[in-house]
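*Asks:* my_file_35.cif is reproduced in full below (mmCIF, C-alpha atoms).
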data_work
loop_
_atom_site.label_atom_id
_atom_site.label_comp_id
_atom_site.auth_asym_id
_atom_site.auth_seq_id
_atom_site.Cartn_x
_atom_site.Cartn_y
_atom_site.Cartn_z
CA MET A 1 94.70 118.94 110.19
CA ALA A 2 96.34 122.24 110.91
CA SER A 3 94.81 124.40 113.62
CA SER A 4 95.07 127.44 111.34
CA TYR A 5 91.79 126.45 109.63
CA GLU A 6 90.16 129.00 111.95
CA PRO A 7 91.17 130.54 115.30
CA LEU A 8 91.04 128.06 118.15
CA SER A 9 88.69 130.28 120.16
CA GLU A 10 86.19 130.14 117.28
CA GLN A 11 86.63 126.38 116.96
CA LEU A 12 85.97 125.92 120.68
CA GLN A 13 82.75 127.90 120.52
CA ASP A 14 81.61 126.35 117.26
CA ALA A 15 82.14 122.84 118.62
CA ARG A 16 80.11 123.71 121.69
CA GLN A 17 77.32 125.24 119.60
CA ARG A 18 77.14 122.01 117.57
CA THR A 19 76.80 120.01 120.79
CA ARG A 20 74.01 122.29 121.98
CA ALA A 21 72.17 122.02 118.67
CA LEU A 22 72.21 118.22 118.86
CA THR A 23 71.19 117.86 122.51
CA ALA A 24 69.33 120.96 123.74
CA ASP A 25 65.83 119.57 123.10
CA LEU A 26 66.41 116.26 124.90
CA GLN A 27 64.84 115.86 128.29
CA GLY A 28 63.60 113.31 130.81
CA GLN A 29 64.20 109.71 129.81
CA GLN A 30 65.79 110.83 126.53
CA LEU A 31 68.83 111.90 128.57
CA PHE A 32 69.41 108.23 129.42
CA GLY A 33 67.71 106.00 126.86
CA PRO A 34 68.02 102.21 126.80
CA LYS A 35 71.25 100.50 127.83
CA LEU A 36 72.82 99.63 124.47
CA PRO A 37 76.46 98.86 123.67
CA ILE A 38 76.51 101.36 120.77
CA VAL A 39 75.32 104.47 122.65
CA ASN A 40 76.06 106.34 125.86
CA PRO A 41 73.52 108.00 128.14
CA VAL A 42 73.29 111.54 126.77
CA LEU A 43 73.54 113.08 130.24
CA TRP A 44 76.73 111.13 130.96
CA GLU A 45 78.21 111.99 127.57
CA LEU A 46 77.62 115.72 128.04
CA GLY A 47 79.51 115.59 131.32
CA HIS A 48 82.28 113.51 129.78
CA VAL A 49 82.87 116.11 127.04
CA ALA A 50 83.28 118.81 129.71
CA TRP A 51 85.50 116.56 131.85
CA PHE A 52 87.79 115.76 128.92
CA GLN A 53 88.21 119.43 128.04
CA GLU A 54 88.93 120.33 131.65
CA HIS A 55 91.34 117.42 132.14
CA TRP A 56 93.60 118.30 129.21
CA CYS A 57 93.21 122.09 128.98
CA LEU A 58 92.90 123.19 132.61
CA ARG A 59 94.00 120.48 135.04
CA LEU A 60 97.03 118.84 133.39
CA ARG A 61 100.35 120.20 134.62
CA PRO A 62 103.69 119.91 132.78
CA ASP A 63 104.80 117.24 135.27
CA GLU A 64 101.66 115.24 134.28
CA SER A 65 100.00 115.71 137.66
CA LEU A 66 96.44 117.04 137.83
CA SER A 67 94.93 119.98 139.64
CA SER A 68 91.47 119.74 141.19
CA SER A 69 88.34 119.64 139.04
CA LEU A 70 85.64 122.30 139.05
CA MET A 71 83.23 119.45 139.86
CA GLU A 72 83.97 117.32 142.87
CA GLY A 73 84.10 113.62 142.00
CA SER A 74 84.20 114.19 138.24
CA ASP A 75 87.01 111.66 137.67
CA ALA A 76 84.92 108.85 139.14
CA LEU A 77 82.01 109.78 136.88
CA TYR A 78 83.41 110.73 133.51
CA ASP A 79 86.81 109.09 132.88
CA SER A 80 85.83 106.80 130.01
CA ALA A 81 89.00 104.71 130.41
CA LYS A 82 87.98 103.75 133.94
CA VAL A 83 84.18 103.96 134.04
CA ALA A 84 82.84 100.82 132.38
CA HIS A 85 80.34 101.48 129.62
CA ASP A 86 77.51 99.41 131.11
CA THR A 87 77.75 101.20 134.47
CA ARG A 88 77.17 104.69 133.06
CA TRP A 89 73.37 104.38 133.31
CA ASP A 90 73.62 103.52 137.02
CA LEU A 91 75.86 106.38 138.18
CA ARG A 92 74.53 109.13 140.43
CA LEU A 93 75.03 111.82 137.83
CA PRO A 94 74.60 115.56 138.37
CA THR A 95 71.34 117.02 137.11
CA LEU A 96 71.10 118.40 133.58
CA SER A 97 71.39 121.99 134.80
CA GLU A 98 74.44 121.11 136.93
CA THR A 99 76.03 119.30 133.99
CA LEU A 100 75.47 122.20 131.60
CA ASP A 101 76.79 124.66 134.18
CA TYR A 102 79.96 122.56 134.52
CA LYS A 103 80.39 122.50 130.74
CA GLU A 104 80.05 126.26 130.40
CA ARG A 105 82.38 127.04 133.32
CA VAL A 106 85.04 124.82 131.79
CA LEU A 107 84.68 126.40 128.35
CA GLU A 108 84.81 129.91 129.80
CA ARG A 109 88.05 129.17 131.63
CA VAL A 110 89.64 127.51 128.61
CA LEU A 111 88.82 130.60 126.52
CA GLU A 112 90.32 132.82 129.22
CA ARG A 113 93.48 130.73 129.33
CA LEU A 114 93.69 130.82 125.55
CA GLU A 115 93.77 134.62 125.69
CA ARG A 116 96.62 134.51 128.19
CA GLU A 117 98.66 131.63 126.74
CA GLY A 118 97.83 131.63 123.06
CA ASP A 119 101.48 131.30 122.10
CA ASP A 120 102.18 128.14 124.15
CA PRO A 121 102.41 125.15 121.74
CA TRP A 122 102.03 122.63 124.59
CA PHE A 123 98.72 124.17 125.66
CA LEU A 124 97.49 124.71 122.09
CA TYR A 125 97.98 121.03 121.30
CA PHE A 126 95.54 120.07 124.06
CA VAL A 127 93.04 122.75 123.05
CA GLN A 128 92.94 121.30 119.55
CA LEU A 129 92.63 117.79 121.00
CA ALA A 130 89.64 118.89 123.09
CA ILE A 131 87.96 120.58 120.11
CA PHE A 132 88.26 117.50 117.95
CA HIS A 133 87.11 115.31 120.83
CA GLU A 134 83.94 117.38 121.14
CA ASP A 135 83.48 117.30 117.36
CA MET A 136 83.55 113.51 117.44
CA HIS A 137 81.09 113.35 120.31
CA ALA A 138 78.75 115.72 118.49
CA GLU A 139 78.71 113.26 115.61
CA ALA A 140 78.09 110.46 118.12
CA PHE A 141 75.10 112.41 119.49
CA HIS A 142 73.81 112.45 115.92
CA TYR A 143 74.23 108.64 115.73
CA THR A 144 72.41 108.27 119.05
CA ARG A 145 69.44 110.29 117.81
CA GLN A 146 69.19 108.05 114.75
CA THR A 147 69.59 104.83 116.75
CA LEU A 148 66.91 105.80 119.27
CA GLY A 149 64.54 107.40 116.75
CA TYR A 150 64.71 110.93 118.16
CA ALA A 151 63.79 113.84 115.91
CA ASP A 152 66.59 115.44 113.93
CA PRO A 153 67.12 119.00 115.21
CA LEU A 154 69.14 119.92 112.10
CA ALA A 155 66.46 118.87 109.64
CA ARG A 156 65.93 121.26 106.74
CA ALA A 157 63.69 121.31 103.71
CA ALA A 158 65.10 118.90 101.16
CA PRO A 159 66.25 120.38 97.82
CA PRO A 160 64.24 119.44 94.74
CA ALA A 161 64.86 115.79 93.92
CA ARG A 162 66.73 115.03 90.73
CA GLU A 163 68.77 112.23 89.30
CA ASP A 164 72.34 112.76 90.31
CA GLU A 165 74.51 109.67 89.86
CA LEU A 166 78.12 109.08 88.93
CA ARG A 167 79.17 105.75 87.49
CA GLY A 168 82.37 104.10 86.39
CA ASP A 169 85.83 103.58 87.79
CA ALA A 170 88.92 105.71 88.15
CA GLU A 171 92.18 104.02 87.18
CA VAL A 172 95.07 104.48 89.58
CA PRO A 173 98.58 103.47 88.54
CA GLY A 174 100.59 101.17 90.75
CA GLY A 175 103.76 102.25 92.46
CA SER A 176 105.27 103.34 95.74
CA TYR A 177 103.27 106.00 97.56
CA LEU A 178 103.39 107.75 100.90
CA MET A 179 100.58 107.00 103.30
CA GLY A 180 99.88 108.80 106.58
CA ALA A 181 100.26 112.33 107.91
CA SER A 182 103.29 114.43 107.03
CA ARG A 183 105.43 115.81 109.82
CA ASN A 184 105.16 119.52 110.59
CA SER A 185 101.73 119.77 108.97
CA GLY A 186 99.61 120.63 112.00
CA PHE A 187 97.65 118.54 114.47
CA HIS A 188 97.30 114.82 113.79
CA PHE A 189 96.14 111.93 115.91
CA ASP A 190 98.70 109.30 116.81
CA ASN A 191 97.24 106.65 114.50
CA GLU A 192 97.96 108.89 111.47
CA LYS A 193 101.66 109.18 112.26
CA TRP A 194 103.73 109.21 110.24
CA ALA A 195 103.92 109.19 106.45
CA HIS A 196 105.57 105.97 105.27
CA PRO A 197 105.97 104.26 101.88
CA VAL A 198 103.50 101.62 100.71
CA THR A 199 103.54 99.69 97.46
CA VAL A 200 100.23 99.48 95.66
CA ALA A 201 99.43 97.50 92.51
CA PRO A 202 97.42 99.24 89.76
CA PHE A 203 93.73 99.27 90.66
CA ARG A 204 90.37 100.62 89.57
CA ILE A 205 88.16 102.27 92.18
CA ALA A 206 84.56 103.48 91.83
CA ARG A 207 84.24 107.19 91.19
CA ALA A 208 81.38 107.37 93.70
CA PRO A 209 80.04 105.45 96.69
CA VAL A 210 77.44 102.72 96.24
CA THR A 211 73.95 104.24 96.06
CA ASN A 212 70.62 103.23 97.56
CA ARG A 213 69.52 102.23 94.07
CA GLU A 214 72.46 99.87 93.65
CA PHE A 215 72.13 98.38 97.11
CA LEU A 216 68.39 97.88 96.61
CA GLU A 217 69.20 95.70 93.58
CA PHE A 218 71.33 93.55 95.89
CA VAL A 219 68.44 93.27 98.36
CA ARG A 220 65.97 92.36 95.61
CA GLU A 221 68.35 89.72 94.25
CA GLY A 222 68.20 87.94 97.60
CA GLY A 223 71.33 89.51 99.03
CA TYR A 224 70.28 88.86 102.61
CA ARG A 225 69.22 85.26 101.83
CA ARG A 226 72.24 84.07 99.80
CA ARG A 227 74.73 82.69 102.28
CA ASP A 228 77.43 82.30 99.61
CA TRP A 229 77.75 86.11 99.42
CA TRP A 230 78.50 86.39 103.14
CA SER A 231 81.44 85.51 105.33
CA ALA A 232 80.73 83.09 108.18
CA GLU A 233 81.02 85.91 110.71
CA GLY A 234 78.87 88.24 108.64
CA TRP A 235 76.13 85.64 108.23
CA GLU A 236 76.15 85.03 111.97
CA CYS A 237 75.87 88.78 112.68
CA LYS A 238 73.13 89.42 110.12
CA GLN A 239 69.92 90.44 111.89
CA ALA A 240 67.43 91.20 109.11
CA SER A 241 66.55 90.81 105.44
CA MET A 242 67.45 94.37 104.51
CA PRO A 243 69.59 97.25 105.79
CA ARG A 244 68.92 98.92 109.13
CA TYR A 245 66.18 101.51 108.98
CA TRP A 246 64.73 100.21 105.68
CA LYS A 247 61.29 98.75 105.20
CA GLY A 248 59.11 97.94 102.25
CA GLY A 249 58.94 95.69 99.25
CA GLY A 250 58.03 95.72 95.59
CA GLU A 251 58.15 99.28 94.30
CA GLU A 252 57.71 101.03 97.65
CA TRP A 253 60.72 101.29 99.93
CA LEU A 254 61.14 103.58 102.91
CA GLU A 255 64.10 104.62 105.03
CA ARG A 256 63.94 105.92 108.58
CA ARG A 257 65.76 109.19 109.05
CA PHE A 258 65.76 109.85 112.76
CA SER A 259 62.05 109.88 113.74
CA GLU A 260 60.56 110.01 110.21
CA TRP A 261 59.99 107.36 107.54
CA VAL A 262 60.68 108.82 104.10
CA PRO A 263 60.83 107.38 100.56
CA LEU A 264 64.15 105.75 99.74
CA GLU A 265 66.03 108.16 97.49
CA PRO A 266 67.87 106.19 94.81
CA TYR A 267 70.92 108.38 94.28
CA LEU A 268 71.90 109.02 97.87
CA PRO A 269 74.83 106.92 99.04
CA VAL A 270 73.66 103.88 100.96
CA MET A 271 74.17 104.45 104.68
CA HIS A 272 73.96 102.47 107.93
CA VAL A 273 75.49 99.36 106.41
CA ASP A 274 78.15 97.54 108.39
CA TRP A 275 81.41 96.09 107.11
CA HIS A 276 79.88 92.64 106.62
CA GLU A 277 77.02 94.03 104.54
CA ALA A 278 79.48 96.01 102.42
CA ASN A 279 81.52 92.87 101.76
CA ALA A 280 78.43 90.82 100.92
CA TYR A 281 77.43 93.45 98.36
CA CYS A 282 80.94 93.32 96.89
CA ARG A 283 80.74 89.55 96.41
CA TYR A 284 77.35 89.93 94.75
CA ALA A 285 78.72 92.63 92.42
CA GLY A 286 82.03 90.87 91.70
CA ARG A 287 83.87 93.72 93.35
CA ARG A 288 85.84 94.30 96.56
CA LEU A 289 86.42 96.98 99.17
CA PRO A 290 89.53 99.14 98.71
CA SER A 291 92.32 98.79 101.24
CA GLU A 292 92.90 101.96 103.22
CA ALA A 293 96.17 102.42 101.33
CA GLU A 294 94.31 102.34 98.02
CA TRP A 295 91.66 104.70 99.38
CA GLU A 296 94.25 107.22 100.52
CA VAL A 297 96.20 107.03 97.27
CA ALA A 298 93.03 107.59 95.22
CA ALA A 299 92.17 110.59 97.41
CA SER A 300 95.67 112.08 97.63
CA LEU A 301 97.19 111.47 94.21
CA ASP A 302 98.91 114.52 92.75
CA ALA A 303 101.37 115.24 89.95
CA GLY A 304 104.78 113.61 90.30
CA ASN A 305 105.55 112.30 93.77
CA ALA A 306 103.47 114.96 95.51
CA ARG A 307 100.26 114.23 97.35
CA ARG A 308 97.29 116.28 98.48
CA ARG A 309 95.93 116.90 101.98
CA TYR A 310 92.39 116.93 100.52
CA PRO A 311 91.15 115.36 97.27
CA TRP A 312 90.99 118.80 95.61
CA GLY A 313 94.31 120.20 96.88
CA ASP A 314 96.06 121.37 100.03
CA SER A 315 93.67 124.09 101.24
CA ALA A 316 90.72 123.32 103.49
CA ASP A 317 87.47 124.22 101.73
CA GLY A 318 84.21 123.04 103.25
CA LYS A 319 82.33 124.14 100.12
CA ARG A 320 83.95 121.36 98.08
CA ALA A 321 82.46 118.60 100.21
CA ASN A 322 79.26 117.81 102.10
CA LEU A 323 80.59 118.47 105.62
CA GLY A 324 78.98 119.97 108.72
CA SER A 325 75.53 119.77 107.16
CA ALA A 326 72.19 118.18 108.00
CA ALA A 327 71.88 115.31 105.52
CA ARG A 328 73.36 113.33 102.65
CA VAL A 329 73.26 114.56 99.08
CA PRO A 330 73.24 112.51 95.84
CA VAL A 331 76.59 110.99 94.92
CA GLY A 332 76.97 113.07 91.77
CA ARG A 333 77.20 116.39 93.58
CA PHE A 334 80.28 118.34 94.73
CA ALA A 335 82.22 117.85 91.51
CA ALA A 336 84.58 120.63 92.64
CA GLY A 337 85.85 118.25 95.30
CA ASP A 338 86.98 115.52 92.89
CA SER A 339 90.39 113.97 93.41
CA LEU A 340 92.96 114.08 90.64
CA ALA A 341 92.24 110.38 90.07
CA GLY A 342 88.61 111.31 89.33
CA CYS A 343 86.88 110.13 92.51
CA ARG A 344 84.04 112.20 93.99
CA GLN A 345 82.96 112.69 97.62
CA MET A 346 85.94 110.94 99.12
CA ILE A 347 85.59 113.60 101.80
CA GLY A 348 82.13 114.09 103.32
CA ASN A 349 78.64 112.67 102.74
CA VAL A 350 79.29 109.20 104.25
CA TRP A 351 82.20 107.47 105.94
CA GLU A 352 83.56 104.71 103.73
CA TRP A 353 84.51 101.24 104.91
CA THR A 354 87.83 99.84 103.74
CA SER A 355 89.01 96.24 103.79
CA SER A 356 91.81 97.04 106.24
CA ALA A 357 92.12 96.19 109.90
CA PHE A 358 92.93 99.09 112.21
CA VAL A 359 96.61 98.58 113.01
CA PRO A 360 99.43 100.98 113.95
CA TYR A 361 101.72 102.50 111.35
CA PRO A 362 105.44 101.66 111.52
CA GLY A 363 107.11 103.26 114.54
CA PHE A 364 103.84 104.04 116.27
CA VAL A 365 104.11 105.98 119.53
CA ALA A 366 100.99 106.76 121.55
CA ASP A 367 100.19 110.42 122.14
CA PRO A 368 99.34 111.74 125.63
CA TYR A 369 95.72 110.64 125.19
CA GLN A 370 96.84 107.02 125.15
CA GLU A 371 93.35 105.52 125.12
CA TYR A 372 92.48 107.01 121.73
CA SER A 373 94.03 104.40 119.43
CA GLU A 374 96.19 101.78 121.06
CA PRO A 375 93.49 99.77 122.90
CA TRP A 376 91.58 99.22 119.65
CA PHE A 377 94.33 98.02 117.32
CA GLY A 378 93.48 94.70 115.68
CA THR A 379 89.80 94.74 116.71
CA ARG A 380 88.36 97.36 114.34
CA LYS A 381 88.10 98.03 110.61
CA VAL A 382 89.17 101.35 109.11
CA LEU A 383 86.77 103.89 107.63
CA ARG A 384 87.84 106.98 105.72
CA GLY A 385 86.54 110.33 104.54
CA GLY A 386 84.02 111.72 107.03
CA SER A 387 80.24 112.07 106.83
CA PHE A 388 77.80 114.89 106.17
CA THR A 389 77.88 115.83 109.85
CA THR A 390 81.68 115.81 110.26
CA PRO A 391 83.11 119.34 110.66
CA ALA A 392 85.43 120.43 107.87
CA ARG A 393 88.17 121.26 110.39
CA LEU A 394 88.38 117.66 111.56
CA ILE A 395 88.79 115.70 108.36
CA ALA A 396 91.56 115.21 105.78
CA ASN A 397 92.80 112.43 103.51
CA SER A 398 95.00 110.92 106.23
CA TRP A 399 92.28 110.80 108.93
CA ARG A 400 91.44 107.28 110.13
CA ASN A 401 88.16 106.28 111.73
CA PHE A 402 87.66 102.80 113.17
CA TYR A 403 84.72 100.66 114.25
CA THR A 404 83.99 96.99 114.80
CA PRO A 405 82.71 95.35 111.60
CA ASP A 406 79.18 94.92 112.98
CA ARG A 407 78.62 98.66 113.52
CA GLY A 408 75.93 99.84 111.14
CA ASP A 409 74.63 102.66 113.29
CA VAL A 410 77.31 105.10 112.14
CA PHE A 411 76.87 107.29 109.05
CA ALA A 412 78.86 104.86 106.92
CA GLY A 413 78.65 103.56 103.36
CA PHE A 414 81.32 102.34 100.98
CA ARG A 415 82.76 102.43 97.48
CA THR A 416 84.11 99.42 95.62
CA CYS A 417 87.13 98.41 93.57
CA ALA A 418 87.43 96.16 90.56
CA ALA A 419 88.24 92.69 91.85
CA GLU A 420 91.19 91.84 89.65
CA GLY A 421 94.80 92.37 90.65
CA GLU A 422 96.74 92.26 93.87
CA ARG A 423 96.35 94.92 96.49
CA HIS A 424 98.11 96.25 99.54
CA THR A 425 96.42 95.12 102.80
#
As structure tokens, what does this structure read like?
*Replies:*
Amino acid sequence: MASSYEPLSEQLQDARQRTRALTADLQGQQLFGPKLPIVNPVLWELGHVAWFQEHWCLRLRPDESLSSSLMEGSDALYDSAKVAHDTRWDLRLPTLSETLDYKERVLERVLERLEREGDDPWFLYFVQLAIFHEDMHAEAFHYTRQTLGYADPLARAAPPAREDELRGDAEVPGGSYLMGASRNSGFHFDNEKWAHPVTVAPFRIARAPVTNREFLEFVREGGYRRRDWWSAEGWECKQASMPRYWKGGGEEWLERRFSEWVPLEPYLPVMHVDWHEANAYCRYAGRRLPSEAEWEVAASLDAGNARRRYPWGDSADGKRANLGSAARVPVGRFAAGDSLAGCRQMIGNVWEWTSSAFVPYPGFVADPYQEYSEPWFGTRKVLRGGSFTTPARLIANSWRNFYTPDRGDVFAGFRTCAAEGERHT
């Protein structure tokens, strides 16, 4: 999205404050944790965030050479393209205080350079890249805390519980639509580039994501025991008889939120389900996942041939969506963020799986940070829309997230489409 959402200096400091809020209480063994393929050691990840910011905003020269780092040996420690994931627990990392000092020295120098060179588009591009990179790692720290059962430092008193559900489908007419980011509309990652026509058949898409109540019905109907509702790969990947972080039976069901077990709230969107679980539910319900083209059309539809940057219009407005917060809200809330098609919470609350594989758009060209998209094409599925912890500055209708179909640790749910009719894939 455009960097004009707020001054870059404020974005830099806000991103750093978010990182601090999500990691400042961790100590000792929590800075490493178990060696799992879906997390990084927190101590390594903190240093990597600083290294990335320094690499692109301080060290990179116009001729693509690099100046020296503020930390000797940082490239051998923190370059994620070269340091294999499983080796990150075994590195001789700087201490926590040394790592935090490195992070703050880098940020201070980036802010100083921003004051001097705030009119240099080349430099500003990399500042925005570094901000969004830290935003994404802050969300990953949140995932790590959930995966490892650490307390949630952003926990707040829950609002009074009430029924808040939204049912039914929105009807979207078929036709030729533009999909992807528009040129000259601010910062975009390379996998969003550029807007191109897609043909979509008429379809009906749920106005809201699938709720805990709805997914619990699937569980009670034997959803994790009925092989005919699962793909062969999904059945092979399935590890349990219910979603991650659920336990219970009969009338009493609990969900683990970070370190606490709490009653399952029926009208929250289901979360921590992987792509295979979402598809199994769809087969049970006689529905299907939307393609990412359908998702973007439903979110972006406007009068005539125009389209919207956000479901509600073209202006960023974090108050119209559950973004940058501490927890999910029921699916019926944030009516002011509805798309013209009538869909709610397409931005915020939970990421939403689509049926689509993560592939490049026509004419794809990798941006300077070449490792961001290209290595993952064809091996991931696309998610859209952001979660409750995603900053408002990061997300828009064209933003593409991507994970392997077995990843249920992320803050992801899904919405469904009516099964009839052809669809763009």
*Asks:* Using only C-alpha atoms, pick whichever of A:Ser339, A:Gln27, A:Thr379, A:Ser241 has the shortest atom-to-atom distance to Thr404 of chain A.
*Replies:*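 The answer is A:Thr379, which sits nearest to Thr404 of chain A.
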*Asks:* List the spatial neighbours of segment 348-363 of chain A as an NGL selection string - criterion: any atom at most 6 Å away, all atoms listed in the file, same-chain residues fewer than 3 positions off excluded.
*Replies:* :A and (289-292 or 321-323 or 328 or 345 or 377-378 or 380-388 or 411-414)
*Asks:* Taking the file as shown, find all residues satisfying the PyMOL selection byres ((chain A and resi 256) around 9) and write them as an MDAnalysis selection string.
*Replies:* chainID A and resid 146 149 244:247 254:255 257:264
*Asks:* Between A:Glu371, A:Glu98, A:Glu115, A:Glu64, single out the one closest to Trp44 of chain A, counting all atoms listed in the file.
*Replies:*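 Residue with the minimum atom-to-atom distance to Trp44 of chain A: A:Glu98.
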*Asks:* Restricting the calculation to only C-alpha atoms: of A:Ala24, A:Gly118, A:Val270, A:Arg309, which residue gets closest to Ser182 of chain A?
*Replies:* A:Arg309
*Asks:* Please determine, counting all atoms listed in the file, which residue among A:Arg407, A:Arg113, A:Lys193, A:His276 has the shortest atom-to-atom distance to Ser231 of chain A.
*Replies:*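 Answer, going by the shortest atom-to-atom distance: A:His276.
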*Asks:* Might I get the box with edges along x, y and z of the file that holds all atoms of segment 142-154 of chain A listed there, padded by 5 Å on every side, given as centre and edge lengths in Å to one decimal, as JSON?
*Replies:*
{"center_x": 69.0, "center_y": 112.4, "center_z": 115.7, "size_x": 20.4, "size_y": 25.1, "size_z": 17.2}
*Asks:* So the first atom is atom CA of Leu301 of chain A and the second is atom CA of Leu340 of chain A; what is the distance between them in Å, to one decimal place?
*Replies:*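 Interatomic distance here is 6.1 Å.
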*Asks:* Would you translate the PyMOL selection byres ((chain A and resi 39) around 9) into the concrete set of residues it matches in this file, as a list in words?
*Replies:*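 Written out, the selection comes to Gly33, Pro34, Lys35, Leu36, Pro37, Ile38, Asn40, Pro41, Val42, Ala140, Phe141, Tyr143, Thr144 and Thr147 of chain A.
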*Asks:* With C-alpha atoms retained, write the just-selected residues as a PDB file, in the coordinates of the input.
*Replies:*
ATOM      1  CA  GLY A  33      67.710 106.000 126.860  1.00  0.00           C
ATOM      2  CA  PRO A  34      68.020 102.210 126.800  1.00  0.00           C
ATOM      3  CA  LYS A  35      71.250 100.500 127.830  1.00  0.00           C
ATOM      4  CA  LEU A  36      72.820  99.630 124.470  1.00  0.00           C
ATOM      5  CA  PRO A  37      76.460  98.860 123.670  1.00  0.00           C
ATOM      6  CA  ILE A  38      76.510 101.360 120.770  1.00  0.00           C
ATOM      7  CA  ASN A  40      76.060 106.340 125.860  1.00  0.00           C
ATOM      8  CA  PRO A  41      73.520 108.000 128.140  1.00  0.00           C
ATOM      9  CA  VAL A  42      73.290 111.540 126.770  1.00  0.00           C
ATOM     10  CA  ALA A 140      78.090 110.460 118.120  1.00  0.00           C
ATOM     11  CA  PHE A 141      75.100 112.410 119.490  1.00  0.00           C
ATOM     12  CA  TYR A 143      74.230 108.640 115.730  1.00  0.00           C
ATOM     13  CA  THR A 144      72.410 108.270 119.050  1.00  0.00           C
ATOM     14  CA  THR A 147      69.590 104.830 116.750  1.00  0.00           C
TER      15      THR A 147
END
*Asks:* Of the residues A:Gln128, A:Ser185, A:Ser9, A:Thr23, which is the one nearest to Arg109 of chain A, using all atoms listed in the file?
*Replies:*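 That would be A:Ser9, the residue with the smallest distance to Arg109 of chain A.
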*Asks:* Tell me which of A:Ile131, A:Val110, A:Leu8, A:Ala138 sits closest to Gly324 of chain A, counting only C-alpha atoms.
*Replies:*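 The closest residue to Gly324 of chain A is A:Ala138.
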*Asks:* Expressed in Å to a single decimal, how great is the separation between atom CA of Arg320 of chain A and atom CA of Arg333 of chain A?
*Replies:*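 A separation of 9.5 Å between them.
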*Asks:* Any idea what the distance is between atom CA of Arg287 of chain A and atom CA of Cys417 of chain A?
*Replies:*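 Separation of atom CA of Arg287 of chain A and atom CA of Cys417 of chain A: 5.7 Å.
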*Asks:* Evaluate the PyMOL selection byres ((chain A and resi 163-169) around 7) and record the selected residues as a PyMOL selection string, following the chain and residue labels used in the document.
*Replies:* chain A and resi 162+170-171+204-208+267+330-333
*Asks:* Counting all atoms listed in the file, what is within 6 Å of Ala181 of chain A, bar same-chain residues fewer than 2 positions away, as an MDAnalysis selection string?
*Replies:* chainID A and resid 192:195 398
*Asks:* Set out as a tab-separated table a contact list for segment 235-265 of chain A and segment 209-230 of chain A with a cut-off of 9 Å, giving each residue of segment 235-265 of chain A that qualifies its closest atom pair and distance in Å to one decimal, counting only C-alpha atoms, ordered by chain and rising residue number.
*Replies:*
residue	atom	partner	partner_atom	distance
A:Trp235	CA	A:Trp230	CA	5.7
A:Lys238	CA	A:Tyr224	CA	8.1
A:Ala240	CA	A:Tyr224	CA	7.5
A:Ser241	CA	A:Tyr224	CA	5.1
A:Met242	CA	A:Val219	CA	6.3
A:Pro243	CA	A:Val219	CA	8.5
A:Gly249	CA	A:Arg220	CA	8.6
A:Gly250	CA	A:Arg220	CA	8.6
A:Leu264	CA	A:Asn212	CA	7.3
A:Glu265	CA	A:Asn212	CA	6.7
*Asks:* Quick one: residues within 12 Å of Val198 of chain A, all atoms listed in the file counted, chain neighbours fewer than 2 positions away excluded, as a PyMOL selection string?
*Replies:* chain A and resi 174-180+195-196+200-201+291-294+296-297+361-362+423-425
